[in-house]
file my_file.txt (compact mmCIF, C-alpha atoms and all ligand atoms)
# COMPACT_ATOMS: atom_id res chain seq x y z
CA MET A 83 11.51 35.73 -20.10
CA PRO A 84 10.70 33.73 -16.98
CA LYS A 85 13.53 31.83 -15.29
CA ALA A 86 13.30 28.28 -13.95
CA ILE A 87 15.92 26.42 -11.95
CA LEU A 88 15.96 22.79 -10.85
CA HIS A 89 17.86 21.98 -7.65
CA ASP A 90 18.40 18.24 -7.82
CA LYS A 91 19.37 15.93 -4.97
CA VAL A 92 22.76 15.05 -6.35
CA GLY A 93 24.04 18.60 -5.88
CA GLY A 94 23.23 19.86 -9.35
CA VAL A 95 21.56 23.12 -10.40
CA THR A 96 20.03 23.11 -13.87
CA ALA A 97 18.26 25.86 -15.79
CA LEU A 98 15.01 24.58 -17.28
CA PRO A 99 13.74 26.20 -20.50
CA ALA A 100 10.73 28.40 -19.63
CA GLU A 101 8.44 30.56 -21.72
CA THR A 102 5.97 33.30 -20.94
CA GLY A 103 2.43 31.92 -20.87
CA GLN A 104 3.64 28.35 -20.34
CA SER A 105 2.02 26.32 -17.58
CA LEU A 106 4.35 25.12 -14.86
CA VAL A 107 3.03 21.58 -15.35
CA ASP A 108 4.07 21.68 -19.02
CA LEU A 109 7.48 23.11 -18.16
CA LEU A 110 8.18 20.21 -15.79
CA ARG A 111 6.78 17.63 -18.19
CA LEU A 112 9.00 18.85 -21.04
CA ALA A 113 12.00 18.68 -18.73
CA GLY A 114 11.13 15.11 -17.72
CA VAL A 115 10.61 16.12 -14.09
CA PRO A 116 7.70 14.26 -12.42
CA LEU A 117 5.34 16.48 -10.40
CA ASN A 118 5.54 14.06 -7.52
CA SER A 119 9.30 14.44 -7.25
CA VAL A 120 9.48 18.19 -6.51
CA MET A 121 8.45 21.12 -4.35
CA THR A 122 8.15 24.44 -6.18
CA ARG A 123 8.56 28.11 -5.29
CA LEU A 124 7.31 30.88 -7.57
CA ASN A 125 9.04 34.21 -6.77
CA GLY A 126 9.92 32.77 -3.37
CA GLU A 127 6.40 31.54 -2.50
CA LEU A 128 5.38 27.90 -2.33
CA VAL A 129 2.90 27.02 -5.09
CA SER A 130 0.89 24.09 -6.36
CA GLU A 131 2.37 23.57 -9.82
CA ASP A 132 -1.00 23.15 -11.54
CA SER A 133 -2.05 26.67 -10.49
CA VAL A 134 0.66 28.59 -12.34
CA LEU A 135 0.99 30.17 -15.78
CA LEU A 136 4.37 31.82 -16.12
CA GLY A 137 4.62 35.59 -16.48
CA ALA A 138 7.55 37.35 -18.15
CA ASP A 139 9.38 38.23 -14.93
CA ASP A 140 8.62 35.11 -12.90
CA VAL A 141 11.35 33.12 -11.19
CA VAL A 142 10.63 29.44 -10.54
CA GLU A 143 12.74 27.30 -8.23
CA VAL A 144 12.10 23.59 -8.27
CA PHE A 145 13.52 21.44 -5.47
CA GLN A 146 13.77 17.66 -5.76
CA VAL A 147 12.29 16.17 -2.57
CA ARG A 148 13.98 12.76 -2.52
CA HIS A 149 17.58 11.71 -2.89
CA TYR A 150 17.94 9.87 -6.16
CA ASP A 151 19.48 10.63 -9.53
CA MET A 152 16.75 11.86 -11.87
CA GLY A 153 19.31 11.73 -14.65
CA VAL A 154 18.64 8.00 -15.12
CA THR A 155 15.45 8.92 -16.98
CA ARG A 156 16.07 12.60 -17.91
CA ALA A 157 19.42 11.95 -19.57
CA PRO A 158 20.39 8.28 -19.37
CA SER A 159 23.85 7.20 -20.45
CA GLN A 160 23.51 5.92 -23.95
CA ARG A 161 25.29 4.05 -26.67
CA LYS A 162 23.88 4.27 -30.16
CA TYR A 163 24.58 2.18 -33.25
CA ALA A 164 23.45 4.44 -36.04
CA ALA A 165 22.09 3.75 -39.50
CA VAL A 166 21.63 6.07 -42.49
CA LYS A 167 17.93 7.00 -42.87
CA PRO A 168 16.69 4.97 -39.91
CA VAL A 169 13.01 4.01 -39.74
CA TYR A 170 13.26 2.54 -36.25
CA THR A 171 15.52 2.54 -33.22
CA LYS A 172 15.41 -0.43 -30.85
CA SER A 173 16.49 0.58 -27.36
CA VAL A 174 17.04 -1.63 -24.36
CA LEU A 175 18.20 -0.56 -20.91
CA PHE A 176 21.12 -2.69 -19.74
CA ASP A 177 21.82 -3.12 -16.06
CA ASP A 178 25.46 -3.94 -15.31
CA LYS A 179 25.65 -4.52 -11.54
CA GLY A 180 23.45 -1.47 -10.98
CA ASP A 181 25.04 0.74 -13.64
CA LEU A 182 22.48 1.56 -16.30
CA GLU A 183 23.06 2.18 -19.97
CA VAL A 184 20.56 2.45 -22.81
CA ARG A 185 21.86 0.69 -25.90
CA SER A 186 20.12 1.60 -29.12
CA GLU A 187 20.39 0.17 -32.60
CA GLN A 188 18.95 1.87 -35.63
CA PHE A 189 17.43 0.07 -38.62
CA ASP A 190 16.64 1.26 -42.12
CA ARG A 191 13.90 0.06 -44.47
CA ASP A 192 15.95 -2.95 -45.55
CA THR A 193 17.35 -4.09 -42.21
CA PHE A 194 14.23 -3.54 -40.10
CA PRO A 195 12.15 -6.49 -41.44
CA GLN A 196 15.15 -8.79 -40.96
CA PHE A 197 15.51 -7.53 -37.40
CA VAL A 198 11.84 -8.31 -36.58
CA GLU A 199 12.11 -11.74 -38.20
CA THR A 200 15.26 -12.57 -36.24
CA VAL A 201 13.64 -11.48 -32.97
CA PHE A 202 10.60 -13.59 -33.85
CA VAL A 203 12.58 -16.76 -34.64
CA GLU A 204 14.79 -16.39 -31.55
CA SER A 205 11.87 -15.69 -29.21
CA VAL A 206 9.83 -18.60 -30.60
CA THR A 207 12.76 -20.91 -29.99
CA SER A 208 13.78 -19.63 -26.55
CA GLY A 209 10.19 -19.16 -25.34
CA GLN A 210 9.07 -22.55 -26.70
CA THR A 211 5.93 -20.94 -28.10
CA ILE A 212 6.19 -23.24 -31.13
CA ARG A 213 7.88 -26.65 -30.83
CA ASP A 214 8.79 -29.40 -33.28
CA GLY A 215 5.74 -31.51 -34.10
CA ASP A 216 3.24 -29.04 -32.57
CA ARG A 217 -0.24 -28.88 -34.03
CA ILE A 218 -1.55 -25.40 -33.34
CA VAL A 219 -4.87 -23.65 -33.68
CA LEU A 220 -4.27 -19.99 -34.37
CA GLY A 221 -6.89 -17.38 -33.53
CA LEU A 222 -7.15 -15.03 -36.49
CA SER A 223 -9.09 -11.91 -35.59
CA GLY A 224 -8.36 -10.59 -39.05
CA GLY A 225 -6.76 -7.59 -37.34
CA ARG A 226 -3.26 -6.39 -38.11
CA ASP A 227 -1.54 -8.41 -35.41
CA SER A 228 -2.85 -11.72 -36.65
CA ILE A 229 -1.99 -10.76 -40.22
CA ALA A 230 1.52 -9.77 -39.11
CA LEU A 231 1.86 -13.12 -37.34
CA LEU A 232 0.91 -14.94 -40.55
CA LYS A 233 3.36 -12.81 -42.53
CA LEU A 234 6.13 -13.61 -40.04
CA LEU A 235 5.33 -17.33 -40.18
CA GLU A 236 5.38 -17.13 -43.96
CA ARG A 237 8.76 -15.38 -44.16
CA THR A 238 10.56 -17.34 -41.44
CA ARG A 239 9.09 -20.80 -41.93
CA ASP A 240 12.41 -22.40 -42.92
CA ARG A 241 13.99 -21.21 -39.66
CA LEU A 242 11.14 -22.31 -37.36
CA PRO A 243 10.41 -25.71 -35.78
CA ASP A 244 8.33 -28.06 -37.91
CA PHE A 245 4.67 -27.52 -36.94
CA SER A 246 1.21 -27.52 -38.49
CA THR A 247 -1.51 -24.89 -38.09
CA ILE A 248 -5.24 -24.51 -38.43
CA ALA A 249 -6.44 -20.89 -38.42
CA LEU A 250 -9.82 -19.93 -37.04
CA THR A 251 -11.73 -16.70 -37.59
CA VAL A 252 -14.94 -15.95 -35.72
CA THR A 253 -17.45 -13.94 -37.69
CA GLY A 254 -20.81 -12.63 -36.58
CA LEU A 255 -20.27 -9.11 -35.30
CA PRO A 256 -20.27 -6.24 -37.79
CA ASP A 257 -16.95 -4.88 -36.45
CA TRP A 258 -15.28 -8.22 -36.86
CA GLU A 259 -15.86 -8.43 -40.55
CA GLU A 260 -13.52 -5.93 -42.06
CA SER A 261 -13.46 -7.21 -45.56
CA ALA A 262 -9.92 -5.99 -46.35
CA THR A 263 -8.19 -7.65 -43.41
CA PHE A 264 -10.44 -10.68 -43.55
CA GLN A 265 -9.49 -11.21 -47.19
CA ALA A 266 -5.84 -10.74 -46.27
CA ALA A 267 -6.19 -13.52 -43.70
CA VAL A 268 -7.83 -15.79 -46.27
CA ASP A 269 -5.09 -15.09 -48.83
CA ALA A 270 -2.26 -15.55 -46.35
CA CYS A 271 -3.66 -18.87 -45.18
CA ARG A 272 -3.90 -20.04 -48.77
CA ARG A 273 -0.29 -19.10 -49.50
CA LEU A 274 0.87 -20.83 -46.32
CA ASP A 275 -1.29 -23.85 -47.04
CA ILE A 276 -3.05 -23.33 -43.69
CA GLU A 277 -6.57 -24.64 -43.28
CA HIS A 278 -8.83 -21.69 -42.43
CA VAL A 279 -11.96 -22.46 -40.39
CA ILE A 280 -14.78 -19.96 -39.90
CA SER A 281 -16.99 -19.91 -36.81
CA THR A 282 -20.32 -18.21 -37.39
CA ALA A 283 -22.64 -16.18 -35.18
CA GLU A 284 -24.92 -19.23 -34.98
CA ASP A 285 -22.03 -21.32 -33.58
CA VAL A 286 -21.42 -18.64 -30.93
CA GLN A 287 -25.12 -18.50 -30.02
CA GLU A 288 -25.15 -22.28 -29.58
CA VAL A 289 -21.96 -22.50 -27.45
CA PHE A 290 -22.99 -19.68 -25.11
CA GLY A 291 -26.60 -20.88 -24.90
CA LEU A 292 -27.95 -17.50 -26.00
CA LYS A 293 -31.66 -17.18 -26.60
CA VAL A 294 -31.18 -14.24 -28.97
CA PRO A 295 -28.74 -13.91 -31.91
CA PHE A 296 -25.17 -13.07 -30.83
CA VAL A 297 -25.21 -9.60 -32.39
CA GLU A 298 -28.40 -8.76 -30.50
CA ALA A 299 -26.92 -9.98 -27.21
CA MET A 300 -23.82 -7.83 -27.78
CA THR A 301 -25.91 -4.82 -28.78
CA ARG A 302 -27.71 -5.13 -25.44
CA VAL A 303 -24.42 -5.45 -23.55
CA VAL A 304 -23.07 -2.31 -25.24
CA ALA A 305 -26.23 -0.40 -24.25
CA SER A 306 -26.12 -1.63 -20.63
CA ASP A 307 -24.07 -0.76 -17.56
CA ARG A 308 -21.82 -3.69 -18.49
CA ALA A 309 -20.61 -2.01 -21.67
CA SER A 310 -17.06 -2.09 -20.26
CA SER A 311 -17.13 -5.90 -20.65
CA THR A 312 -17.59 -5.71 -24.41
CA MET A 313 -13.96 -6.31 -25.37
CA VAL A 314 -13.44 -8.99 -22.75
CA ILE A 315 -16.48 -10.79 -24.11
CA GLY A 316 -15.19 -10.50 -27.66
CA HIS A 317 -11.81 -11.99 -26.69
CA GLN A 318 -13.30 -14.79 -24.67
CA VAL A 319 -15.85 -15.71 -27.33
CA LEU A 320 -12.97 -15.95 -29.79
CA ARG A 321 -11.01 -18.04 -27.31
CA ARG A 322 -13.84 -20.47 -26.64
CA MET A 323 -14.63 -20.94 -30.33
CA ILE A 324 -10.94 -21.66 -30.97
CA GLU A 325 -10.86 -24.23 -28.17
CA ILE A 326 -13.90 -26.00 -29.52
CA THR A 327 -12.33 -26.16 -32.97
CA ALA A 328 -9.16 -27.50 -31.34
CA VAL A 329 -11.01 -30.20 -29.41
CA ARG A 330 -12.76 -31.35 -32.58
CA ARG A 331 -9.37 -31.74 -34.25
CA GLY A 332 -7.66 -33.31 -31.24
CA VAL A 333 -5.37 -30.27 -30.92
CA THR A 334 -4.33 -28.81 -27.53
CA ASP A 335 -2.00 -25.97 -28.58
CA VAL A 336 -3.61 -22.57 -29.09
CA ALA A 337 -1.57 -19.60 -30.35
CA TRP A 338 -2.57 -15.98 -29.89
CA GLY A 339 -1.54 -12.85 -31.79
CA PHE A 340 -1.00 -10.76 -28.64
CA ASN A 341 2.19 -8.70 -28.85
CA ALA A 342 4.72 -7.42 -26.30
CA ASP A 343 2.77 -4.34 -25.28
CA ASP A 344 -0.54 -6.23 -25.08
CA LEU A 345 1.14 -8.49 -22.55
CA LEU A 346 2.93 -5.64 -20.76
CA ALA A 347 -0.41 -3.79 -20.49
CA SER A 348 -2.00 -6.93 -19.04
CA LEU A 349 0.81 -6.95 -16.44
CA VAL A 350 -0.07 -3.33 -15.59
CA THR A 351 -3.70 -4.38 -15.13
CA TRP A 352 -2.57 -7.31 -13.04
CA TRP A 353 -0.29 -5.07 -10.95
CA MET A 354 -3.17 -2.72 -10.16
CA SER A 355 -5.87 -5.38 -9.68
CA GLY A 356 -4.00 -8.36 -8.26
CA PHE A 357 -6.16 -10.69 -10.33
CA ARG A 358 -4.65 -14.11 -10.87
CA MET A 359 -3.07 -14.40 -14.29
CA GLY A 360 -1.48 -17.29 -16.16
CA SER A 361 2.21 -17.37 -17.14
CA LEU A 362 3.90 -15.78 -20.17
CA PRO A 363 4.66 -16.57 -22.98
CA VAL A 364 3.22 -20.06 -22.49
CA ARG A 365 0.33 -20.88 -20.19
CA GLN A 366 -1.32 -24.18 -19.38
CA LEU A 367 -4.99 -23.85 -18.48
CA GLY A 368 -7.28 -26.86 -18.33
CA ASP A 369 -6.42 -29.10 -21.25
CA PHE A 370 -4.94 -26.34 -23.35
CA ARG A 371 -1.48 -24.95 -23.84
CA TYR A 372 -1.80 -21.28 -24.82
CA THR A 373 1.14 -19.55 -26.42
CA PHE A 374 1.97 -15.96 -27.39
CA PRO A 375 4.51 -16.20 -30.24
CA LEU A 376 4.61 -12.38 -30.69
CA TYR A 377 5.55 -11.72 -27.04
CA ARG A 378 8.89 -10.08 -27.92
CA ILE A 379 7.57 -7.77 -30.64
CA THR A 380 5.76 -4.52 -29.92
CA LYS A 381 2.71 -3.14 -31.70
CA LYS A 382 4.82 -0.38 -33.18
CA GLU A 383 7.31 -2.91 -34.54
CA LEU A 384 4.51 -5.06 -35.99
CA THR A 385 2.87 -2.05 -37.58
CA LEU A 386 6.15 -0.89 -39.14
CA TYR A 387 6.90 -4.44 -40.22
CA LEU A 388 3.60 -4.70 -42.08
CA GLU A 389 4.06 -1.20 -43.51
CA LEU A 390 7.40 -2.28 -45.00
CA THR A 391 6.54 -5.84 -46.07
CA ALA A 392 2.81 -5.73 -46.89
CA PRO A 393 1.47 -2.14 -46.73
CA GLU A 394 -1.78 -3.22 -48.40
CA TRP A 395 -2.58 -5.14 -45.20
CA ASN A 396 -1.89 -2.26 -42.90
CA ARG A 397 -5.16 -0.43 -43.38
CA GLN A 398 -7.47 -0.72 -40.46
CA GLY A 399 -10.44 1.43 -39.62
CA ALA A 400 -11.25 3.00 -36.27
CA PRO A 401 -12.60 0.56 -33.70
CA GLY A 402 -16.37 0.13 -33.75
CA ARG A 403 -18.74 -0.09 -30.84
CA PHE A 404 -17.96 -3.79 -30.19
CA THR A 405 -14.19 -3.35 -30.25
CA THR A 406 -13.80 -0.23 -28.15
CA GLY A 407 -12.41 -0.89 -24.70
CA PRO A 408 -13.09 0.85 -21.39
CA ASP A 409 -10.91 3.69 -20.05
CA GLU A 410 -9.06 1.34 -17.71
CA ARG A 411 -7.80 -0.60 -20.73
CA SER A 412 -6.58 2.65 -22.31
CA MET A 413 -4.87 3.50 -19.02
CA SER A 414 -3.00 0.19 -18.96
CA TYR A 415 -1.82 0.64 -22.56
CA ALA A 416 -0.79 4.25 -21.91
CA ILE A 417 1.20 3.26 -18.81
CA ALA A 418 2.84 0.42 -20.77
CA ASP A 419 3.80 2.84 -23.58
CA HIS A 420 5.17 5.46 -21.16
CA LEU A 421 7.03 2.76 -19.26
CA LEU A 422 8.73 1.54 -22.45
CA GLY A 423 9.85 5.14 -23.07
CA LEU A 424 11.25 5.60 -19.57
CA TRP A 425 12.65 2.09 -19.23
CA PRO A 426 13.45 0.75 -22.70
CA GLY A 427 13.11 -3.04 -22.72
CA ALA A 428 10.80 -2.97 -19.69
CA ASP A 429 8.91 -5.85 -21.30
CA TYR A 430 12.00 -8.09 -21.04
CA TYR A 431 12.39 -7.26 -17.35
CA ALA A 432 8.69 -7.60 -16.53
CA PHE A 433 8.21 -10.93 -18.33
CA ASN A 434 11.27 -12.44 -16.63
CA ALA A 435 10.07 -11.15 -13.26
CA PHE A 436 6.63 -12.58 -13.87
CA ALA A 437 8.12 -15.95 -14.86
CA ASN A 438 10.16 -15.92 -11.63
CA MET A 439 7.07 -15.18 -9.61
CA GLN A 440 5.16 -18.06 -11.20
CA ARG A 441 7.72 -20.42 -9.63
CA TYR A 442 6.80 -19.53 -6.06
CA MET A 443 3.07 -19.15 -6.65
CA GLU A 444 0.63 -21.92 -5.86
CA PRO A 445 -0.21 -23.95 -8.96
CA ILE A 446 -3.02 -22.27 -10.83
CA ALA A 447 -6.42 -23.87 -10.27
CA SER A 448 -8.97 -23.54 -13.02
CA GLU A 449 -12.64 -24.49 -13.23
CA LEU A 450 -14.89 -25.20 -16.19
CA CYS A 451 -17.80 -22.91 -17.03
CA ASP A 452 -21.19 -24.57 -16.78
CA ILE A 453 -22.47 -22.87 -19.92
CA CYS A 454 -19.71 -22.50 -22.52
CA GLY A 455 -17.42 -25.18 -21.07
CA GLY A 456 -14.37 -22.88 -21.12
CA ALA A 457 -11.70 -23.04 -18.40
CA PHE A 458 -11.46 -19.97 -16.15
CA ILE A 459 -9.43 -18.92 -13.12
CA PRO A 460 -11.55 -18.28 -10.01
CA GLN A 461 -10.27 -15.16 -8.21
CA ALA A 462 -9.41 -15.63 -4.55
CA GLY A 463 -11.29 -13.20 -2.29
CA TYR A 464 -13.47 -12.00 -5.13
CA PRO A 465 -17.17 -12.88 -4.92
CA GLY A 466 -17.40 -14.15 -8.48
CA PRO A 467 -20.16 -16.23 -9.97
CA LYS A 468 -20.31 -19.92 -9.15
CA ASN A 469 -19.23 -22.16 -12.02
CA LEU A 470 -19.51 -19.49 -14.69
CA CYS A 471 -16.86 -17.68 -16.66
CA ASP A 472 -17.00 -13.86 -16.65
CA VAL A 473 -18.72 -13.77 -20.01
CA CYS A 474 -21.46 -16.31 -19.30
CA ASP A 475 -21.96 -14.49 -15.99
CA VAL A 476 -22.68 -11.23 -17.85
CA PHE A 477 -24.96 -12.96 -20.36
CA SER A 478 -26.88 -14.86 -17.69
CA ARG A 479 -27.31 -11.85 -15.38
CA MET A 480 -28.76 -10.00 -18.36
CA GLU A 481 -31.10 -12.93 -18.91
CA LEU A 482 -29.74 -13.55 -22.38
CA VAL A 483 -29.11 -17.24 -21.74
CA ARG A 484 -31.50 -20.10 -22.41
CA ALA A 485 -32.40 -22.41 -19.48
CA ARG A 486 -29.18 -23.96 -18.09
CA ARG A 487 -28.22 -27.26 -19.56
ZN ZN A 501 -18.70 -19.54 -20.04

call {"tool": "encode", "arguments": {"input": "my_file.txt", "output": "C-alpha cells", "more": "lines below"}}
Ligand SMILES: [Zn+2]
result
Amino acid sequence: MPKAILHDKVGGVTALPAETGQSLVDLLRLAGVPLNSVMTRLNGELVSEDSVLLGADDVVEVFQVRHYDMGVTRAPSQRKYAAVKPVYTKSVLFDDKGDLEVRSEQFDRDTFPQFVETVFVESVTSGQTIRDGDRIVLGLSGGRDSIALLKLLERTRDRLPDFSTIALTVTGLPDWEESATFQAAVDACRRLDIEHVISTAEDVQEVFGLKVPFVEAMTRVVASDRASSTMVIGHQVLRRMIEITAVRRGVTDVAWGFNADDLLASLVTWWMSGFRMGSLPVRQLGDFRYTFPLYRITKKELTLYLELTAPEWNRQGAPGRFTTGPDERSMSYAIADHLLGLWPGADYYAFNAFANMQRYMEPIASELCDICGGAFIPQAGYPGPKNLCDVCDVFSRMELVRARR
C-alpha cells in the first residue's frame, strides 16, 4: 500500500488514505486538500500532482505552502440537531467573532415542507419581496421553480401580506411548452384564483420587431456563433413580455421564480465579469420593482419540497436546444454549488455583502431599448450597442429585425 502524509501549517501531521493505482489528484480531492495549497514530494522528489499514479510502495509527502488552518473546511467544528430518517440537513456556517461553527438541522418528510414554508414566509417579510397591497405580475416559465413558488404561495397564503397576482406564461418555443408543467401552472393558478395570461409567439415577434417568426429567429441564433446568448434571450423575452402585461394592467411589481443558487450563481458571474448588476432580493429598474421571493430557498430545497408536496409536478425533461446554457453558466452554478458545500449559508453572507455594496455604489442608471422598450443597464467601459438591449442587439446584428421604428 502506498503511504501519504500531509504536513499542515498548524504543526499537524496527518496520514491521508491512499490506494495503489489512485491518482494523486484524486487522493488530495478526497482528503479535501486543494491542489493550490500544497507542494508534493513522491519518494523524496518534487512532482506535479497531476502526473502521478500511485504504486504499491510509493511514499507521498504533501506540504501545505501557506499558514492557515485547512481544518475549517476539511473538518469544521459542527453542531448537529438530528432527526430520525432525515431527508434533508440544513447547514449554516456561524461566525462568532472569527470562531466558525457549522450548525446543522435535520428534517424528515413531515417537518421539511414546514421548514421551507417558514423560511419562505420569513424571507418574504424581511426581504419585502411581497408587501401589503402589492399587485404583482408573476413570470411563470412553467418550470419547476415557478410551480414551487405557486405551491408555496398556495400553502402559506394566510401567513403572507395581502397581495394580488397575475401570472404570465410566454409560449412560442417548443421547449417552453412542456405540457405537464404547463398544465400544472394552469391548475395551480385556478386553485389560487390567479388570473393566468398567455403571451404568444406572435406577441413576441411584434414586441421585438422580428421579420421572421420567433421560433425561426431563435433557431438561427442557436445555429450561429451567438448560440451562447440563447438562454439570456429566453429570459429577457420572458421579462419584456411580463413588463408589457404589467404596464397594460397598471402594475409595477414583477416577481421572479429565481432561487437562492440562481442568485448566488449570478453573483459568481458578476464577481468574474464585473458587470453592473441590480440589487437583491428587490431591484428597481426603470418603472419596475423586480422581486425574487425565492431568494432564501435553494434549488435542492425547492426540488425536495415539490417531491414531498406535489411529486406529480416534479417531472421535468432534459433541457432542449433553446434552454441549454453556455459552459460559463454551468461554471457559475458549479462554483455556487461547491461554495455552498465549503461554506454552508454562503448565500446569506453573499447577499448581505452585495446589499452593503449597493449602498456605496453610484445609483444605477438604466436606459430604454429602442426596439423592445425594455430597461437595460449600460455597462461602463464596455463597447455595447447604442440604445439597444443585449437581445435586440443580437437580433439586429443578425438582421432579424424589421426596419427600426
Ligand atoms: Zn430590446

call {"tool": "residues_near_ligand", "arguments": {"input": "my_file.txt", "ligand": "ligand ZN 501 (chain A)", "cutoff": "7 Å", "atoms": "all atoms listed in the file", "output": "JSON, numbers by chain"}}
result
{"A": [290, 451, 452, 453, 454, 455, 456, 470, 471, 472, 473, 474]}

call {"tool": "closest_residue", "arguments": {"input": "my_file.txt", "among": "A:Thr247, A:Ser105, A:Ser205, A:Ser306", "to": "A:Tyr377", "atoms": "only C-alpha atoms"}}
result
A:Ser205

call {"tool": "residues_around", "arguments": {"input": "my_file.txt", "residues": "stretch 329-339 of chain A", "least_positions_apart": "6", "cutoff": "6 Å", "atoms": "all atoms listed in the file", "output": "VMD selection string"}}
result
chain A and resid 218 to 221 227 to 228 370 to 374

call {"tool": "write_last_selection", "arguments": {"input": "my_file.txt", "atoms": "C-alpha atoms", "output": "short mmCIF file (atom, residue, chain, number, x, y, z; two decimals), keeping the file's coordinate frame"}}
result
data_model
loop_
_atom_site.label_atom_id
_atom_site.label_comp_id
_atom_site.auth_asym_id
_atom_site.auth_seq_id
_atom_site.Cartn_x
_atom_site.Cartn_y
_atom_site.Cartn_z
CA ILE A 218 -1.55 -25.40 -33.34
CA VAL A 219 -4.87 -23.65 -33.68
CA LEU A 220 -4.27 -19.99 -34.37
CA GLY A 221 -6.89 -17.38 -33.53
CA ASP A 227 -1.54 -8.41 -35.41
CA SER A 228 -2.85 -11.72 -36.65
CA PHE A 370 -4.94 -26.34 -23.35
CA ARG A 371 -1.48 -24.95 -23.84
CA TYR A 372 -1.80 -21.28 -24.82
CA THR A 373 1.14 -19.55 -26.42
CA PHE A 374 1.97 -15.96 -27.39
#

call {"tool": "closest_residue", "arguments": {"input": "my_file.txt", "among": "A:Leu320, A:Leu98, A:Val92, A:Ala86", "to": "A:Val141", "atoms": "only C-alpha atoms"}}
result
A:Ala86

call {"tool": "atom_distance", "arguments": {"input": "my_file.txt", "atom1": "atom CA of A:His149", "atom2": "atom CA of A:Lys91"}}
result
5.0 Å

call {"tool": "closest_residue", "arguments": {"input": "my_file.txt", "among": "A:Asp285, A:Glu236, A:Pro375, A:Arg185", "to": "A:Ser173", "atoms": "only C-alpha atoms"}}
result
A:Arg185

call {"tool": "residues_near_point", "arguments": {"input": "my_file.txt", "point": "(-10.8, -12.0, -5.6)", "cutoff": "10 Å", "atoms": "only C-alpha atoms", "output": "PDB file with C-alpha atoms, in the frame of the given file"}}
result
ATOM      1  CA  SER A 355      -5.870  -5.380  -9.680  1.00  0.00           C
ATOM      2  CA  GLY A 356      -4.000  -8.360  -8.260  1.00  0.00           C
ATOM      3  CA  PHE A 357      -6.160 -10.690 -10.330  1.00  0.00           C
ATOM      4  CA  ARG A 358      -4.650 -14.110 -10.870  1.00  0.00           C
ATOM      5  CA  PRO A 460     -11.550 -18.280 -10.010  1.00  0.00           C
ATOM      6  CA  GLN A 461     -10.270 -15.160  -8.210  1.00  0.00           C
ATOM      7  CA  ALA A 462      -9.410 -15.630  -4.550  1.00  0.00           C
ATOM      8  CA  GLY A 463     -11.290 -13.200  -2.290  1.00  0.00           C
ATOM      9  CA  TYR A 464     -13.470 -12.000  -5.130  1.00  0.00           C
ATOM     10  CA  PRO A 465     -17.170 -12.880  -4.920  1.00  0.00           C
ATOM     11  CA  GLY A 466     -17.400 -14.150  -8.480  1.00  0.00           C
TER      12      GLY A 466
END

call {"tool": "closest_residue", "arguments": {"input": "my_file.txt", "among": "A:Asp90, A:Asp419, A:Glu298, A:Glu449", "to": "A:Leu367", "atoms": "only C-alpha atoms"}}
result
A:Glu449

call {"tool": "residues_near_point", "arguments": {"input": "my_file.txt", "point": "(9.1, -12.8, -34.8)", "cutoff": "8 Å", "atoms": "only C-alpha atoms", "output": "ChimeraX atom specification"}}
result
/A:198-206,231,234-235,375-376,378-379

call {"tool": "residues_around", "arguments": {"input": "my_file.txt", "residues": "A:Asp216", "least_positions_apart": "3", "cutoff": "8 Å", "atoms": "all atoms listed in the file", "output": "list in words"}}
result
Ile212, Arg213, Asp244, Phe245, Ser246 and Asp335 of chain A

call {"tool": "closest_residue", "arguments": {"input": "my_file.txt", "among": "A:Gly114, A:Gly360, A:Gly407, A:Pro393", "to": "A:Met443", "atoms": "only C-alpha atoms"}}
result
A:Gly360

call {"tool": "residues_around", "arguments": {"input": "my_file.txt", "residues": "A:Val350", "least_positions_apart": "5", "cutoff": "10 Å", "atoms": "all atoms listed in the file", "output": "VMD selection string"}}
result
chain A and resid 344 to 345 355 to 356 411 413 to 418 432

call {"tool": "atom_distance", "arguments": {"input": "my_file.txt", "atom1": "atom CA of A:Leu175", "atom2": "atom CA of A:Leu384"}}
result
20.9 Å

call {"tool": "closest_residue", "arguments": {"input": "my_file.txt", "among": "A:Ala428, A:Val364, A:Cys271, A:Met359", "to": "A:Ala447", "atoms": "only C-alpha atoms"}}
result
A:Met359

call {"tool": "atom_distance", "arguments": {"input": "my_file.txt", "atom1": "atom CA of A:Asn438", "atom2": "atom CA of A:Gln366"}}
result
16.1 Å

call {"tool": "residues_around", "arguments": {"input": "my_file.txt", "residues": "stretch 164-168 of chain A", "least_positions_apart": "2", "cutoff": "10 Å", "atoms": "only C-alpha atoms", "output": "list of chain:residue names"}}
result
A:Arg161, A:Lys162, A:Tyr170, A:Thr171, A:Ser186, A:Glu187, A:Gln188, A:Phe189, A:Asp190, A:Arg191, A:Asp192, A:Thr193, A:Phe194

call {"tool": "residues_around", "arguments": {"input": "my_file.txt", "residues": "A:Met152", "least_positions_apart": "4", "cutoff": "12 Å", "atoms": "only C-alpha atoms", "output": "count of residues only"}}
result
22
